[in-house]
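> mmCIF, C-alpha atoms, file final_10.cif:
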data_start
#
loop_
_atom_site.label_atom_id
_atom_site.label_comp_id
_atom_site.auth_asym_id
_atom_site.auth_seq_id
_atom_site.Cartn_x
_atom_site.Cartn_y
_atom_site.Cartn_z
CA MET U 1 28.74 27.44 3.64
CA THR U 2 29.62 28.52 7.19
CA LEU U 3 33.19 27.29 6.66
CA LEU U 4 33.43 29.09 3.33
CA ILE U 5 32.18 32.42 4.73
CA CYS U 6 34.53 32.12 7.72
CA VAL U 7 37.51 31.33 5.44
CA PHE U 8 36.74 34.40 3.32
CA ALA U 9 36.59 36.56 6.47
CA ALA U 10 39.91 35.08 7.63
CA ILE U 11 41.58 35.76 4.25
CA LEU U 12 40.24 39.32 4.14
CA PHE U 13 41.45 40.13 7.66
CA THR U 14 44.85 38.50 7.00
CA PHE U 15 45.19 40.67 3.90
CA LYS U 16 44.36 43.79 5.94
CA TRP U 17 46.79 42.63 8.67
CA TYR U 18 49.58 42.34 6.09
CA GLN U 19 48.82 45.84 4.79
CA ARG U 20 48.74 47.48 8.23
CA LYS U 21 51.19 50.25 9.08
CA ASP U 22 51.08 49.69 12.85
CA ASP U 23 49.30 47.39 15.28
CA SER U 24 46.88 50.02 16.57
CA MET U 25 43.82 48.30 15.05
CA LEU U 26 44.68 44.90 16.59
CA LEU U 27 43.99 43.20 13.26
CA GLY U 28 45.65 40.04 14.55
CA VAL U 29 42.60 39.40 16.76
CA PRO U 30 40.03 38.76 13.98
CA CYS U 31 42.73 36.91 11.99
CA VAL U 32 43.37 34.27 14.67
CA CYS U 33 39.68 34.14 15.58
CA PHE U 34 38.48 33.39 12.04
CA TRP U 35 41.42 31.12 11.16
CA GLY U 36 40.91 29.14 14.38
CA ALA U 37 37.20 28.66 13.63
CA SER U 38 37.89 27.86 9.96
CA LEU U 39 40.38 25.14 10.88
CA MET U 40 37.93 23.66 13.38
CA TRP U 41 35.08 23.65 10.84
CA LEU U 42 37.50 22.05 8.40
CA GLY U 43 37.83 19.17 10.87
CA ASP U 44 34.04 19.01 11.05
CA ALA U 45 33.83 19.05 7.23
CA ILE U 46 36.29 16.14 6.96
CA PHE U 47 34.01 14.02 9.14
CA GLY U 48 30.94 15.24 7.22
CA TYR U 49 32.58 14.21 3.94
CA ALA U 50 33.62 10.82 5.37
CA GLU U 51 30.01 10.24 6.41
CA ASP U 52 28.07 11.58 3.40
CA GLY U 53 30.61 11.30 0.57
CA ALA U 54 29.93 13.48 -2.48
CA ALA U 55 26.47 14.36 -1.12
CA PHE U 56 28.28 16.58 1.39
CA PHE U 57 28.88 19.08 -1.45
CA GLU U 58 25.23 19.08 -2.54
CA PRO U 59 23.30 20.47 0.41
CA GLU U 60 19.61 21.29 0.26
CA ALA U 61 18.82 24.92 -0.58
CA ALA U 62 17.18 25.55 2.81
CA GLU U 63 20.16 24.01 4.63
CA MET U 64 22.57 26.12 2.60
CA LEU U 65 20.62 29.28 3.35
CA ASN U 66 20.61 28.50 7.07
CA ASP U 67 24.36 27.80 6.96
CA ALA U 68 24.97 31.07 5.11
CA TYR U 69 22.91 32.93 7.69
CA LEU U 70 24.95 31.22 10.43
CA GLY U 71 28.22 32.06 8.64
CA LEU U 72 27.31 35.74 8.39
CA SER U 73 26.29 35.92 12.04
CA VAL U 74 29.56 34.18 13.01
CA VAL U 75 31.50 36.86 11.12
CA ALA U 76 29.41 39.56 12.83
CA LEU U 77 30.07 38.01 16.25
CA GLY U 78 33.82 37.71 15.54
CA MET U 79 33.91 41.36 14.52
CA ILE U 80 32.00 42.39 17.66
CA LEU U 81 34.55 40.46 19.74
CA TRP U 82 37.38 42.28 17.93
CA LEU U 83 35.66 45.64 18.48
CA VAL U 84 35.20 44.97 22.21
CA ILE U 85 38.89 43.97 22.59
CA LEU U 86 39.93 47.04 20.56
CA LEU U 87 37.89 49.42 22.72
CA ILE U 88 39.07 47.84 25.99
CA LYS U 89 42.77 47.74 25.01
CA ASP U 90 42.43 51.18 23.38
CA PRO U 91 45.92 51.16 21.75
CA LYS U 92 45.54 54.71 20.37
CA GLY U 93 44.13 56.10 23.62
CA ILE U 94 41.05 57.41 21.80
CA VAL U 95 38.52 56.03 24.30
CA LYS U 96 40.53 57.41 27.24
CA ALA U 97 40.87 60.84 25.60
CA SER U 98 37.15 60.90 24.86
CA LEU U 99 36.25 59.95 28.43
CA LYS U 100 38.63 62.59 29.84
CA LYS U 101 37.11 65.21 27.58
CA LYS U 102 33.60 64.40 28.81
CA ALA U 103 34.69 64.41 32.45
CA GLU U 104 36.04 67.96 32.12
CA MET D 1 27.41 18.34 19.91
CA ALA D 2 30.21 19.61 22.14
CA CYS D 3 33.35 19.16 20.03
CA PHE D 4 34.44 22.73 20.82
CA LEU D 5 34.99 21.70 24.47
CA VAL D 6 38.10 19.73 23.43
CA THR D 7 39.67 22.81 21.83
CA ALA D 8 38.55 24.97 24.76
CA ALA D 9 40.26 22.55 27.18
CA GLU D 10 43.43 22.67 25.05
CA ALA D 11 43.17 26.48 25.04
CA ILE D 12 43.11 26.55 28.87
CA VAL D 13 46.19 24.31 29.11
CA VAL D 14 48.10 26.25 26.43
CA THR D 15 47.25 29.64 28.02
CA ALA D 16 48.51 28.41 31.40
CA ALA D 17 51.67 27.03 29.76
CA ALA D 18 52.25 30.34 27.93
CA LYS D 19 52.00 32.29 31.20
CA ILE D 20 54.49 29.98 32.94
CA VAL D 21 56.91 30.11 29.99
CA LYS D 22 56.67 33.91 29.88
CA LYS D 23 57.50 34.10 33.59
CA ASN D 24 60.54 31.85 33.04
CA GLU D 25 61.64 33.88 30.02
CA ARG D 26 61.45 37.09 32.06
CA SER D 27 63.67 35.71 34.80
CA ALA D 28 66.09 34.34 32.19
CA GLU D 29 66.12 37.76 30.53
CA SER D 30 66.99 39.54 33.77
CA LEU D 31 69.89 37.12 34.20
CA LYS D 32 71.00 37.93 30.67
CA LEU D 33 70.93 41.66 31.41
CA GLU D 34 73.52 41.07 34.09
CA LYS D 35 75.85 39.81 31.39
CA LYS D 36 75.13 42.93 29.38
CA ALA D 37 78.43 43.14 27.52
CA GLU D 38 77.96 39.78 25.85
CA THR D 39 74.32 40.12 24.90
CA GLU D 40 74.37 43.71 23.69
CA THR D 41 75.23 42.80 20.11
CA THR D 42 73.20 39.59 19.83
CA HIS D 43 70.22 39.69 17.51
CA GLU D 44 66.93 37.89 18.32
CA ASN D 45 66.11 35.74 15.31
CA LYS D 46 63.49 33.44 16.81
CA LEU D 47 60.06 34.08 18.27
CA PRO D 48 59.99 33.52 22.04
CA TRP D 49 58.10 30.39 23.08
CA SER D 50 55.62 32.38 25.18
CA ARG D 51 54.54 34.33 22.08
CA LYS D 52 54.30 31.15 20.02
CA LEU D 53 52.09 29.55 22.66
CA MET D 54 49.92 32.68 22.91
CA ILE D 55 49.29 32.49 19.15
CA LEU D 56 48.13 28.87 19.56
CA ALA D 57 45.97 29.85 22.54
CA SER D 58 44.40 32.70 20.52
CA LEU D 59 43.62 30.36 17.61
CA LEU D 60 42.03 27.87 20.01
CA TRP D 61 40.06 30.46 22.04
CA GLY D 62 38.80 32.28 18.94
CA GLY D 63 37.75 29.08 17.25
CA ALA D 64 36.15 27.61 20.38
CA PHE D 65 34.21 30.85 20.95
CA LEU D 66 32.75 30.91 17.44
CA LEU D 67 32.04 27.17 17.50
CA CYS D 68 30.25 27.60 20.82
CA TYR D 69 28.01 30.13 19.09
CA GLU D 70 27.34 27.61 16.30
CA HIS D 71 26.28 25.06 18.93
CA ILE D 72 23.94 27.63 20.53
CA TRP D 73 22.52 28.26 17.04
CA HIS D 74 21.80 24.55 16.60
CA GLY D 75 20.28 24.28 20.11
CA GLU D 76 23.03 21.98 21.41
CA VAL D 77 24.21 24.48 24.03
CA VAL D 78 21.64 26.18 26.25
CA PRO D 79 22.04 28.95 28.84
CA PHE D 80 20.70 26.79 31.72
CA PHE D 81 21.86 23.64 33.53
CA PRO D 82 23.18 21.19 32.30
CA PHE D 83 24.10 23.62 29.44
CA LEU D 84 24.51 20.77 26.93
CA THR D 85 21.21 19.32 25.69
CA ALA D 86 22.96 15.98 25.07
CA MET D 87 23.43 15.63 28.84
CA ASN D 88 19.68 15.07 29.32
CA ASP D 89 19.73 11.63 27.74
CA PRO D 90 22.36 8.89 28.39
CA GLY D 91 22.24 7.81 24.73
CA ASP D 92 22.90 11.37 23.56
CA THR D 93 25.66 11.76 26.17
CA ALA D 94 27.46 8.68 24.79
CA GLU D 95 27.10 10.07 21.28
CA MET D 96 28.42 13.44 22.46
CA LEU D 97 31.47 11.84 24.09
CA HIS D 98 32.14 9.85 20.92
CA GLU D 99 31.93 13.05 18.86
CA MET D 100 34.27 14.84 21.25
CA SER D 101 36.83 12.03 20.99
CA THR D 102 36.68 11.95 17.19
CA VAL D 103 35.68 15.33 15.72
CA GLY D 104 36.87 17.37 18.72
CA VAL D 105 40.29 15.73 18.86
CA THR D 106 40.68 16.07 15.08
CA MET D 107 39.87 19.79 15.31
CA ALA D 108 42.45 20.28 18.06
CA LEU D 109 45.03 18.31 16.06
CA ILE D 110 44.42 20.31 12.86
CA VAL D 111 44.80 23.63 14.69
CA THR D 112 47.95 22.43 16.49
CA VAL D 113 49.57 21.02 13.33
CA VAL D 114 48.82 24.20 11.34
CA TRP D 115 50.21 26.30 14.22
CA ALA D 116 53.40 24.15 14.31
CA ILE D 117 53.90 24.69 10.55
CA MET D 118 53.24 28.44 10.99
CA MET D 119 55.81 28.71 13.79
CA PHE D 120 58.40 26.75 11.79
CA ALA D 121 57.85 29.17 8.90
CA ALA D 122 57.95 32.16 11.29
CA ASP D 123 61.37 31.09 12.64
CA LYS D 124 62.67 30.71 9.08
CA ILE D 125 61.33 34.19 8.17
CA MET D 126 62.86 35.71 11.34
CA ALA D 127 66.24 34.17 10.46
CA ARG D 128 66.25 35.88 7.06
CA PRO D 129 68.34 39.09 6.69
CA ASP D 130 66.21 42.25 6.82
CA PRO D 131 64.91 43.21 3.36
CA GLU D 132 66.36 46.29 1.69
CA PRO D 133 63.91 49.22 1.61
CA VAL D 134 62.00 49.38 -1.66
CA GLU D 135 63.14 52.42 -3.63
CA ALA D 136 60.58 54.52 -5.43
CA ALA D 137 60.58 54.05 -9.20
CA ALA D 138 62.33 56.88 -10.99
#
Spell out the structure here as structure tokens.


Amino acid sequence: MTLLICVFAAILFTFKWYQRKDDSMLLGVPCVCFWGASLMWLGDAIFGYAEDGAAFFEPEAAEMLNDAYLGLSVVALGMILWLVILLIKDPKGIVKASLKKKAE
Amino acid sequence: MACFLVTAAEAIVVTAAAKIVKKNERSAESLKLEKKAETETTHENKLPWSRKLMILASLLWGGAFLLCYEHIWHGEVVPFFPFLTAMNDPGDTAEMLHEMSTVGVTMALIVTVVWAIMMFAADKIMARPDPEPVEAAA
């Protein structure tokens, strides 16, 4: 479930990255972040499948819910990371302009 | 248990390599500028190696960061010494090392292989002639 949620986030951000008009939103950051994590969880899933066989695809409801909760919080954390990088790099100069305005 | 440490270690090595390659590319570029007349008309149709390596490093850092969070979630990483709960017991430590050498290495390999395919495709796309602008339908 965590892998699935992360893959959906990666696809969504890649789609937005392809649609972008310029690089001012740094959409490449969440793309690589979620794709990197998805590929790593894929490796984990391969070992899980090798160990449990078909049972790997039939998790308990409570386990699935916990994994979904984890997946959503992973997406939230990835987006927070993107936001922090965006505000620090400030490609449009919005943060700088806002700070200058307040200092005046 | 600590499989993300393998990808984090690879990320450190790749980031360092990318920085060195970028430095070398810069000095090579300044040499090229001296031969301005020859290079003025040449067209870059391949991604520079430093950028390719930075993409791999970003994939590895991003993934390792989110996987680290997953390990915190499962109580395998803690914010106090020795940081990995598996380090408290020799049996768990052996299991952790086994997991790192199997799952961790597989993760790093998957990311690296996918990145290699991506970069091969990127070079092919860069070599294509620029697409004609799409005209609005009449």

> Can you turn the PyMOL selection byres ((chain U) within 7 of (chain D)) into a concrete residue list for this file, as a PyMOL selection string?

chain U and resi 32-37+39-40+43-44+47+74

> Take CA of Val29 (chain U) and CA of Val84 (chain U) and report the distance between them in Å, one decimal.

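Computed distance, CA of Val29 (chain U) to CA of Val84 (chain U), equals 10.7 Å.
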
> Could you check the closest approach to Met25 (chain U) for each of U:Ile46, U:Ala97, U:Leu87, U:Ala103 and tell me which residue wins, using all atoms listed in the file?

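The answer is U:Leu87, which sits nearest to Met25 (chain U).
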
> Can you pull out every residue within 12 Å of Glu25 (chain D), counting only C-alpha atoms, but drop anything in the same chain fewer than 3 positions away, and send it as a compact mmCIF listing (two decimals) with C-alpha atoms, in the frame of the given file?


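The new file part_26.txt reads:
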# COMPACT_ATOMS: atom_id res chain seq x y z
CA ALA D 18 52.25 30.34 27.93
CA LYS D 19 52.00 32.29 31.20
CA ILE D 20 54.49 29.98 32.94
CA VAL D 21 56.91 30.11 29.99
CA LYS D 22 56.67 33.91 29.88
CA ALA D 28 66.09 34.34 32.19
CA GLU D 29 66.12 37.76 30.53
CA SER D 30 66.99 39.54 33.77
CA LEU D 31 69.89 37.12 34.20
CA LYS D 32 71.00 37.93 30.67
CA LEU D 47 60.06 34.08 18.27
CA PRO D 48 59.99 33.52 22.04
CA TRP D 49 58.10 30.39 23.08
CA SER D 50 55.62 32.38 25.18
CA ARG D 51 54.54 34.33 22.08

> With 8 Å on each side, where is the centre of the axis-aligned box around all listed atoms of region 55-63 of chain D, and how long are its edges in Å to one decimal, as lines of an AutoDock Vina configuration file?


center_x = 43.5
center_y = 30.3
center_z = 19.9
size_x = 27.5
size_y = 20.8
size_z = 21.3

> For Leu70 (chain U), which residue out of D:Ile72, D:Met87, D:Val113, D:Met100 is the nearest one, using all atoms listed in the file?

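Closest candidate: D:Ile72.
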
> What is the distance, in Å and to one decimal place, between CA of Ser24 (chain U) and CA of Ile88 (chain U)?

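One can read the CA of Ser24 (chain U) to CA of Ile88 (chain U) distance as 12.4 Å.
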
> Since the input has fewer atoms than a full residue there, write region 10-41 of chain U out with N, CA and C atoms, as a PDB file, in the coordinates of the input.


ATOM      1  N   ALA U  10      38.541  35.269   7.157  1.00  0.00           N
ATOM      2  CA  ALA U  10      39.910  35.080   7.630  1.00  0.00           C
ATOM      3  C   ALA U  10      40.913  35.615   6.599  1.00  0.00           C
ATOM      4  N   ILE U  11      40.671  35.301   5.317  1.00  0.00           N
ATOM      5  CA  ILE U  11      41.580  35.760   4.250  1.00  0.00           C
ATOM      6  C   ILE U  11      41.570  37.291   4.179  1.00  0.00           C
ATOM      7  N   LEU U  12      40.389  37.863   4.235  1.00  0.00           N
ATOM      8  CA  LEU U  12      40.240  39.320   4.140  1.00  0.00           C
ATOM      9  C   LEU U  12      40.980  40.024   5.292  1.00  0.00           C
ATOM     10  N   PHE U  13      40.794  39.504   6.517  1.00  0.00           N
ATOM     11  CA  PHE U  13      41.450  40.130   7.660  1.00  0.00           C
ATOM     12  C   PHE U  13      42.962  39.905   7.631  1.00  0.00           C
ATOM     13  N   THR U  14      43.410  38.758   7.108  1.00  0.00           N
ATOM     14  CA  THR U  14      44.850  38.500   7.000  1.00  0.00           C
ATOM     15  C   THR U  14      45.466  39.488   5.996  1.00  0.00           C
ATOM     16  N   PHE U  15      44.751  39.720   4.913  1.00  0.00           N
ATOM     17  CA  PHE U  15      45.190  40.670   3.900  1.00  0.00           C
ATOM     18  C   PHE U  15      45.321  42.074   4.511  1.00  0.00           C
ATOM     19  N   LYS U  16      44.320  42.467   5.285  1.00  0.00           N
ATOM     20  CA  LYS U  16      44.360  43.790   5.940  1.00  0.00           C
ATOM     21  C   LYS U  16      45.489  43.833   6.972  1.00  0.00           C
ATOM     22  N   TRP U  17      45.708  42.708   7.669  1.00  0.00           N
ATOM     23  CA  TRP U  17      46.790  42.630   8.670  1.00  0.00           C
ATOM     24  C   TRP U  17      48.148  42.825   7.992  1.00  0.00           C
ATOM     25  N   TYR U  18      48.316  42.228   6.810  1.00  0.00           N
ATOM     26  CA  TYR U  18      49.580  42.340   6.090  1.00  0.00           C
ATOM     27  C   TYR U  18      49.818  43.774   5.613  1.00  0.00           C
ATOM     28  N   GLN U  19      48.723  44.462   5.305  1.00  0.00           N
ATOM     29  CA  GLN U  19      48.820  45.840   4.790  1.00  0.00           C
ATOM     30  C   GLN U  19      48.997  46.882   5.896  1.00  0.00           C
ATOM     31  N   ARG U  20      48.798  46.502   7.146  1.00  0.00           N
ATOM     32  CA  ARG U  20      48.740  47.480   8.230  1.00  0.00           C
ATOM     33  C   ARG U  20      50.064  48.218   8.400  1.00  0.00           C
ATOM     34  N   LYS U  21      49.971  49.459   8.867  1.00  0.00           N
ATOM     35  CA  LYS U  21      51.190  50.250   9.080  1.00  0.00           C
ATOM     36  C   LYS U  21      51.664  50.128  10.517  1.00  0.00           C
ATOM     37  N   ASP U  22      50.723  49.941  11.451  1.00  0.00           N
ATOM     38  CA  ASP U  22      51.080  49.690  12.850  1.00  0.00           C
ATOM     39  C   ASP U  22      50.031  48.724  13.433  1.00  0.00           C
ATOM     40  N   ASP U  23      50.193  48.396  14.704  1.00  0.00           N
ATOM     41  CA  ASP U  23      49.300  47.390  15.280  1.00  0.00           C
ATOM     42  C   ASP U  23      48.150  48.024  16.058  1.00  0.00           C
ATOM     43  N   SER U  24      47.868  49.313  15.764  1.00  0.00           N
ATOM     44  CA  SER U  24      46.880  50.020  16.570  1.00  0.00           C
ATOM     45  C   SER U  24      45.450  49.507  16.376  1.00  0.00           C
ATOM     46  N   MET U  25      45.179  48.805  15.288  1.00  0.00           N
ATOM     47  CA  MET U  25      43.820  48.300  15.050  1.00  0.00           C
ATOM     48  C   MET U  25      43.651  46.855  15.529  1.00  0.00           C
ATOM     49  N   LEU U  26      44.699  46.290  16.073  1.00  0.00           N
ATOM     50  CA  LEU U  26      44.680  44.900  16.590  1.00  0.00           C
ATOM     51  C   LEU U  26      44.086  43.931  15.566  1.00  0.00           C
ATOM     52  N   LEU U  27      44.546  44.040  14.320  1.00  0.00           N
ATOM     53  CA  LEU U  27      43.990  43.200  13.260  1.00  0.00           C
ATOM     54  C   LEU U  27      44.340  41.717  13.419  1.00  0.00           C
ATOM     55  N   GLY U  28      45.300  41.440  14.281  1.00  0.00           N
ATOM     56  CA  GLY U  28      45.650  40.040  14.550  1.00  0.00           C
ATOM     57  C   GLY U  28      44.520  39.298  15.250  1.00  0.00           C
ATOM     58  N   VAL U  29      43.694  40.034  15.989  1.00  0.00           N
ATOM     59  CA  VAL U  29      42.600  39.400  16.760  1.00  0.00           C
ATOM     60  C   VAL U  29      41.582  38.714  15.833  1.00  0.00           C
ATOM     61  N   PRO U  30      40.970  39.468  14.870  1.00  0.00           N
ATOM     62  CA  PRO U  30      40.030  38.760  13.980  1.00  0.00           C
ATOM     63  C   PRO U  30      40.711  37.697  13.134  1.00  0.00           C
ATOM     64  N   CYS U  31      41.992  37.910  12.799  1.00  0.00           N
ATOM     65  CA  CYS U  31      42.730  36.910  11.990  1.00  0.00           C
ATOM     66  C   CYS U  31      42.754  35.563  12.707  1.00  0.00           C
ATOM     67  N   VAL U  32      43.252  35.552  13.947  1.00  0.00           N
ATOM     68  CA  VAL U  32      43.370  34.270  14.670  1.00  0.00           C
ATOM     69  C   VAL U  32      41.983  33.690  14.983  1.00  0.00           C
ATOM     70  N   CYS U  33      41.045  34.581  15.254  1.00  0.00           N
ATOM     71  CA  CYS U  33      39.680  34.140  15.580  1.00  0.00           C
ATOM     72  C   CYS U  33      39.064  33.383  14.394  1.00  0.00           C
ATOM     73  N   PHE U  34      39.108  34.006  13.219  1.00  0.00           N
ATOM     74  CA  PHE U  34      38.480  33.390  12.040  1.00  0.00           C
ATOM     75  C   PHE U  34      39.291  32.192  11.523  1.00  0.00           C
ATOM     76  N   TRP U  35      40.622  32.265  11.597  1.00  0.00           N
ATOM     77  CA  TRP U  35      41.420  31.120  11.160  1.00  0.00           C
ATOM     78  C   TRP U  35      41.210  29.927  12.094  1.00  0.00           C
ATOM     79  N   GLY U  36      41.147  30.201  13.395  1.00  0.00           N
ATOM     80  CA  GLY U  36      40.910  29.140  14.380  1.00  0.00           C
ATOM     81  C   GLY U  36      39.584  28.437  14.100  1.00  0.00           C
ATOM     82  N   ALA U  37      38.518  29.242  13.900  1.00  0.00           N
ATOM     83  CA  ALA U  37      37.200  28.660  13.630  1.00  0.00           C
ATOM     84  C   ALA U  37      37.181  27.926  12.295  1.00  0.00           C
ATOM     85  N   SER U  38      37.858  28.507  11.287  1.00  0.00           N
ATOM     86  CA  SER U  38      37.890  27.860   9.960  1.00  0.00           C
ATOM     87  C   SER U  38      38.552  26.494  10.039  1.00  0.00           C
ATOM     88  N   LEU U  39      39.675  26.418  10.764  1.00  0.00           N
ATOM     89  CA  LEU U  39      40.380  25.140  10.880  1.00  0.00           C
ATOM     90  C   LEU U  39      39.520  24.112  11.616  1.00  0.00           C
ATOM     91  N   MET U  40      38.790  24.581  12.625  1.00  0.00           N
ATOM     92  CA  MET U  40      37.930  23.660  13.380  1.00  0.00           C
ATOM     93  C   MET U  40      36.764  23.175  12.512  1.00  0.00           C
ATOM     94  N   TRP U  41      36.177  24.077  11.739  1.00  0.00           N
ATOM     95  CA  TRP U  41      35.080  23.650  10.840  1.00  0.00           C
ATOM     96  C   TRP U  41      35.611  22.767   9.722  1.00  0.00           C
TER      97      TRP U  41
END
